[in-house]
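Structure first, then comments.
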Amino acid sequence: MGAKGQCKKGSSVEISTLRLRKRFWIGIILLALIIAIGVKAHSDTMATPVVQRTSVSLASYPADAEPVTIALISDVHVAGPDMPPSRFAEIVEQINALSPDYVMIAGDLVSEKRSATHIYTAEEVTAPLEGLSGDVFKIAVPGNHDHWFGVDGIRAGLVKAGFTVLENEAAQFGPLAVGGIDDDYTNRADLPNTLAAMGPLSGGGIILSHSPDPFPTLPENFGLMLAGHTHCGQIRYPWGGAPATMSDYGERYACGRVDENGNSVIVGAGLGTSLLPVRLFSKPEIWLITIRSPDP
């Protein structure tokens, strides 16, 4: 009887030891995974913006005009800790090095996120834009965070930096006719009025919008829309897709270029962050877009 009792006791100790070892290694693996995700998130959040390049042929673009390039940025969200004005100034220098003919901002220069370690004034937010090359067309539209923060100050800073701010308006810039619609997310967009304002203009037709959601309502074969707002999800799954895109269309216009009904929309990932100061599998982006007439 005693020998049997000792055997059972030994087996019990051995099983407990195996369970402890299993839990230990599970803990180690989970800790390593958390650290790896943290390192990846910091790397993606603070990465130098990836330059995405594409070319768009517009039927309305003058046949005798040389191709032009547009540097598109959005969702800068200047705020601490991840996007201080000094980092935005470095991105401005990166844009200058691309030598674009146009710089377009698809809204949300500012951020008032609760997780911010520092909220900057409108003047501090827009000051880095004064470092842009002076010989380019500069065009911007407001985003939802610009309105929530105080769009008057953002608009004044943009104008000081040489930008034309379009709010359901249109204007001619060289060979491009650009319509800028106000923020759709806060129900300020008026696409019909913007298209009407573009009527008397000539050249390649482009709509600049904070959100891509108005894209399906563009007239067929209109041309091009440039947008942001979605951050390409900001936090994405490694296998694709995101928990949220802030778009009524989910993943349909969440990221990159989409061609539909004779039109194209390009949705940038943005530069900064919203809600949480973290990006994961969604690095900051600058889009460099070449606009040309169709091949004869």
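In the structure tokens, chains take the letters A, B, ... in the order shown, each chain's residues start at 1, and ligands count up from 1 in the order shown.
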**Expected answer as a VMD selection string: strand (DSSP E or B) residues in range 28-206 of chain A** = chain A and resid 50 to 57 68 to 73 78 to 80 83 102 to 106 110 118 137 to 141 164 to 165 169 to 173 176 to 180 204 to 206
Given the selection you just returned, output its residues as a file containing C-alpha atoms, formatted as a CSV table (one decimal), in the first residue's frame.
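Result written to selection39.csv:
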chain,number,residue,atom,x,y,z
A,50,VAL,CA,6.1,55.5,-48.0
A,51,VAL,CA,5.8,57.2,-51.4
A,52,GLN,CA,3.1,55.5,-53.4
A,53,ARG,CA,3.2,56.3,-57.1
A,54,THR,CA,0.5,56.0,-59.7
A,55,SER,CA,-0.5,57.5,-63.1
A,56,VAL,CA,-4.0,58.6,-64.1
A,57,SER,CA,-5.1,59.5,-67.6
A,68,VAL,CA,1.9,67.1,-64.0
A,69,THR,CA,2.5,65.5,-60.6
A,70,ILE,CA,0.5,65.8,-57.4
A,71,ALA,CA,1.8,65.1,-53.9
A,72,LEU,CA,-1.3,64.0,-51.9
A,73,ILE,CA,-1.2,64.0,-48.1
A,78,VAL,CA,-0.3,67.2,-35.6
A,79,ALA,CA,-0.2,66.3,-31.9
A,80,GLY,CA,2.1,64.7,-29.4
A,83,MET,CA,3.4,63.9,-34.8
A,102,TYR,CA,0.9,70.4,-56.9
A,103,VAL,CA,0.6,69.7,-53.2
A,104,MET,CA,-2.9,68.7,-52.1
A,105,ILE,CA,-4.1,68.1,-48.5
A,106,ALA,CA,-7.2,66.0,-48.1
A,110,VAL,CA,-4.9,68.7,-36.6
A,118,HIS,CA,0.5,67.7,-26.4
A,137,PHE,CA,0.1,74.9,-56.6
A,138,LYS,CA,-1.1,74.3,-53.0
A,139,ILE,CA,-4.7,73.2,-52.4
A,140,ALA,CA,-6.5,71.9,-49.3
A,141,VAL,CA,-9.9,70.9,-48.0
A,164,THR,CA,-6.1,77.8,-51.5
A,165,VAL,CA,-8.8,76.2,-49.2
A,169,GLU,CA,-15.9,75.4,-54.4
A,170,ALA,CA,-13.7,75.0,-57.5
A,171,ALA,CA,-10.8,76.8,-59.1
A,172,GLN,CA,-8.5,76.5,-62.1
A,173,PHE,CA,-4.9,75.6,-61.3
A,176,LEU,CA,-6.3,71.1,-63.7
A,177,ALA,CA,-9.8,72.1,-62.7
A,178,VAL,CA,-10.0,71.2,-59.0
A,179,GLY,CA,-13.2,71.0,-57.0
A,180,GLY,CA,-12.8,70.8,-53.2
A,204,GLY,CA,-8.4,67.8,-66.1
A,205,GLY,CA,-11.2,67.4,-63.5
A,206,ILE,CA,-10.2,66.4,-60.0
**Request:** Write out as a VMD selection string all residues of range 67-293 of chain A that DSSP puts in helix (DSSP H, G or I) for this structure's backbone.
**Result:** chain A and resid 85 to 98 122 to 131 144 to 149 151 to 160 191 to 198 215 to 217 231 to 233
Any chance you can output those residues with C-alpha atoms as a PDB file, in the first residue's frame?
ATOM      1  CA  PRO A  85       5.490  70.013 -35.761  1.00  0.00           C
ATOM      2  CA  SER A  86       9.175  69.106 -36.079  1.00  0.00           C
ATOM      3  CA  ARG A  87       8.301  65.734 -37.600  1.00  0.00           C
ATOM      4  CA  PHE A  88       5.783  67.361 -39.935  1.00  0.00           C
ATOM      5  CA  ALA A  89       8.522  69.765 -41.052  1.00  0.00           C
ATOM      6  CA  GLU A  90      10.704  66.771 -41.984  1.00  0.00           C
ATOM      7  CA  ILE A  91       7.842  65.361 -44.062  1.00  0.00           C
ATOM      8  CA  VAL A  92       7.504  68.719 -45.815  1.00  0.00           C
ATOM      9  CA  GLU A  93      11.151  68.427 -46.814  1.00  0.00           C
ATOM     10  CA  GLN A  94      10.460  64.927 -48.125  1.00  0.00           C
ATOM     11  CA  ILE A  95       7.643  66.374 -50.251  1.00  0.00           C
ATOM     12  CA  ASN A  96       9.928  69.103 -51.592  1.00  0.00           C
ATOM     13  CA  ALA A  97      12.452  66.441 -52.622  1.00  0.00           C
ATOM     14  CA  LEU A  98       9.765  64.819 -54.800  1.00  0.00           C
ATOM     15  CA  ALA A 122      -3.477  76.103 -35.265  1.00  0.00           C
ATOM     16  CA  GLU A 123      -0.471  78.320 -36.022  1.00  0.00           C
ATOM     17  CA  GLU A 124       1.960  75.652 -34.775  1.00  0.00           C
ATOM     18  CA  VAL A 125       0.140  72.981 -36.789  1.00  0.00           C
ATOM     19  CA  THR A 126       0.291  74.833 -40.096  1.00  0.00           C
ATOM     20  CA  ALA A 127       3.686  76.568 -39.719  1.00  0.00           C
ATOM     21  CA  PRO A 128       5.697  73.652 -41.232  1.00  0.00           C
ATOM     22  CA  LEU A 129       3.754  74.069 -44.487  1.00  0.00           C
ATOM     23  CA  GLU A 130       5.458  77.424 -44.992  1.00  0.00           C
ATOM     24  CA  GLY A 131       8.543  75.401 -45.839  1.00  0.00           C
ATOM     25  CA  ASN A 144     -13.755  66.517 -39.533  1.00  0.00           C
ATOM     26  CA  HIS A 145     -11.003  67.079 -36.955  1.00  0.00           C
ATOM     27  CA  ASP A 146     -10.239  70.488 -38.457  1.00  0.00           C
ATOM     28  CA  HIS A 147     -13.864  71.472 -37.895  1.00  0.00           C
ATOM     29  CA  TRP A 148     -13.971  70.059 -34.369  1.00  0.00           C
ATOM     30  CA  PHE A 149     -10.709  71.813 -33.474  1.00  0.00           C
ATOM     31  CA  VAL A 151     -11.483  75.411 -38.810  1.00  0.00           C
ATOM     32  CA  ASP A 152     -11.040  79.209 -38.909  1.00  0.00           C
ATOM     33  CA  GLY A 153      -7.568  79.003 -37.392  1.00  0.00           C
ATOM     34  CA  ILE A 154      -6.578  76.081 -39.619  1.00  0.00           C
ATOM     35  CA  ARG A 155      -7.853  77.911 -42.703  1.00  0.00           C
ATOM     36  CA  ALA A 156      -5.920  81.072 -41.784  1.00  0.00           C
ATOM     37  CA  GLY A 157      -2.707  79.074 -41.304  1.00  0.00           C
ATOM     38  CA  LEU A 158      -3.147  77.319 -44.633  1.00  0.00           C
ATOM     39  CA  VAL A 159      -3.712  80.609 -46.447  1.00  0.00           C
ATOM     40  CA  LYS A 160      -0.599  82.053 -44.795  1.00  0.00           C
ATOM     41  CA  LEU A 191     -20.833  67.651 -54.264  1.00  0.00           C
ATOM     42  CA  PRO A 192     -23.545  68.988 -56.660  1.00  0.00           C
ATOM     43  CA  ASN A 193     -22.610  72.587 -55.846  1.00  0.00           C
ATOM     44  CA  THR A 194     -18.909  71.783 -56.279  1.00  0.00           C
ATOM     45  CA  LEU A 195     -19.493  70.116 -59.650  1.00  0.00           C
ATOM     46  CA  ALA A 196     -21.554  73.117 -60.754  1.00  0.00           C
ATOM     47  CA  ALA A 197     -18.674  75.404 -59.784  1.00  0.00           C
ATOM     48  CA  MET A 198     -16.380  73.289 -61.954  1.00  0.00           C
ATOM     49  CA  PHE A 215     -16.991  58.816 -54.727  1.00  0.00           C
ATOM     50  CA  PRO A 216     -19.870  56.526 -55.856  1.00  0.00           C
ATOM     51  CA  THR A 217     -22.020  59.608 -56.540  1.00  0.00           C
ATOM     52  CA  HIS A 231      -6.010  56.006 -42.426  1.00  0.00           C
ATOM     53  CA  CYS A 232      -6.186  52.700 -44.359  1.00  0.00           C
ATOM     54  CA  GLY A 233      -7.605  51.424 -41.077  1.00  0.00           C
TER      55      GLY A 233
END
Please provide as a short mmCIF file (atom, residue, chain, number, x, y, z; two decimals) with C-alpha atoms, in the first residue's frame all residues within 10 Å of Gly272 in chain A, with the sequence filter that same-chain residues fewer than 2 positions apart are discarded (counting only C-alpha atoms).
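So result_23.cif came out as:
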data_model
loop_
_atom_site.label_atom_id
_atom_site.label_comp_id
_atom_site.auth_asym_id
_atom_site.auth_seq_id
_atom_site.Cartn_x
_atom_site.Cartn_y
_atom_site.Cartn_z
CA THR A 45 3.79 54.73 -36.44
CA MET A 46 7.08 56.62 -36.70
CA PRO A 49 6.18 58.03 -45.14
CA SER A 74 -3.93 63.74 -45.53
CA ASP A 75 -4.64 63.12 -41.88
CA VAL A 76 -1.46 64.69 -40.56
CA HIS A 77 -3.02 64.99 -37.09
CA VAL A 78 -0.30 67.17 -35.62
CA ALA A 79 -0.23 66.31 -31.89
CA ASP A 82 3.78 60.86 -32.57
CA MET A 83 3.41 63.93 -34.82
CA PRO A 84 5.01 67.07 -33.37
CA PHE A 88 5.78 67.36 -39.93
CA ASP A 108 -7.34 66.71 -40.92
CA LEU A 109 -4.17 68.64 -40.27
CA VAL A 110 -4.91 68.72 -36.57
CA SER A 111 -5.82 66.32 -33.79
CA HIS A 231 -6.01 56.01 -42.43
CA GLN A 234 -4.61 52.74 -39.04
CA ALA A 269 -3.25 56.20 -45.50
CA GLY A 270 -2.48 59.61 -44.05
CA SER A 274 -6.40 59.42 -34.51
CA PRO A 277 -1.17 57.26 -31.26
CA VAL A 278 -0.50 53.90 -32.91
CA ARG A 279 -0.28 52.50 -36.44
CA LYS A 283 2.50 52.98 -42.50
CA PRO A 284 2.20 56.71 -43.26
CA GLU A 285 1.91 57.54 -46.96
#
**Fill in**
From CA of Asp44 in chain A to CA of Thr245 in chain A the spacing works out at 17.5 Å
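For the atom pair formed by CA of Leu271 in chain A and CA of Asp248 in chain A, the distance is 21.6 Å, given to one decimal.
Using only C-alpha atoms, the shortest contact distance between Ala189 in chain A and any of A:Pro142, A:Gly256, A:Gly150, A:Gly228 is found at A:Pro142.
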Quick one: residues within 9 Å of Met246 in chain A, only C-alpha atoms, excluding same-chain residues fewer than 3 positions away - as a compact mmCIF listing (two decimals) with N, CA and C atoms, in the first residue's frame?
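Saved as out38.txt:
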# COMPACT_ATOMS: atom_id res chain seq x y z
N TYR A 185 -17.98 63.68 -43.45
CA TYR A 185 -18.21 62.99 -42.18
C TYR A 185 -19.06 63.84 -41.23
N SER A 211 -13.16 62.68 -47.10
CA SER A 211 -13.63 61.29 -47.09
C SER A 211 -13.83 60.77 -48.51
N HIS A 229 -8.90 60.29 -44.77
CA HIS A 229 -9.87 60.03 -43.70
C HIS A 229 -9.80 58.63 -43.10
N THR A 230 -9.63 57.59 -43.91
CA THR A 230 -9.71 56.23 -43.42
C THR A 230 -8.45 55.75 -42.71
N HIS A 231 -7.33 56.42 -42.95
CA HIS A 231 -6.01 56.01 -42.43
C HIS A 231 -5.64 54.59 -42.91
N GLY A 233 -7.28 52.21 -42.26
CA GLY A 233 -7.60 51.42 -41.08
C GLY A 233 -6.78 51.80 -39.85
N TYR A 249 -18.61 52.52 -46.45
CA TYR A 249 -18.42 51.43 -47.42
C TYR A 249 -17.42 50.38 -46.94
N GLY A 250 -17.04 50.43 -45.67
CA GLY A 250 -16.12 49.44 -45.13
C GLY A 250 -14.79 49.44 -45.85
N ALA A 254 -11.29 51.85 -48.60
CA ALA A 254 -10.52 52.06 -47.38
C ALA A 254 -9.08 52.47 -47.65
**Item:** Nearest to His42 in chain A by atom-to-atom distance, counting only C-alpha atoms, from A:Asp190, A:Leu275, A:Phe163, A:Pro81
**Value:** A:Pro81
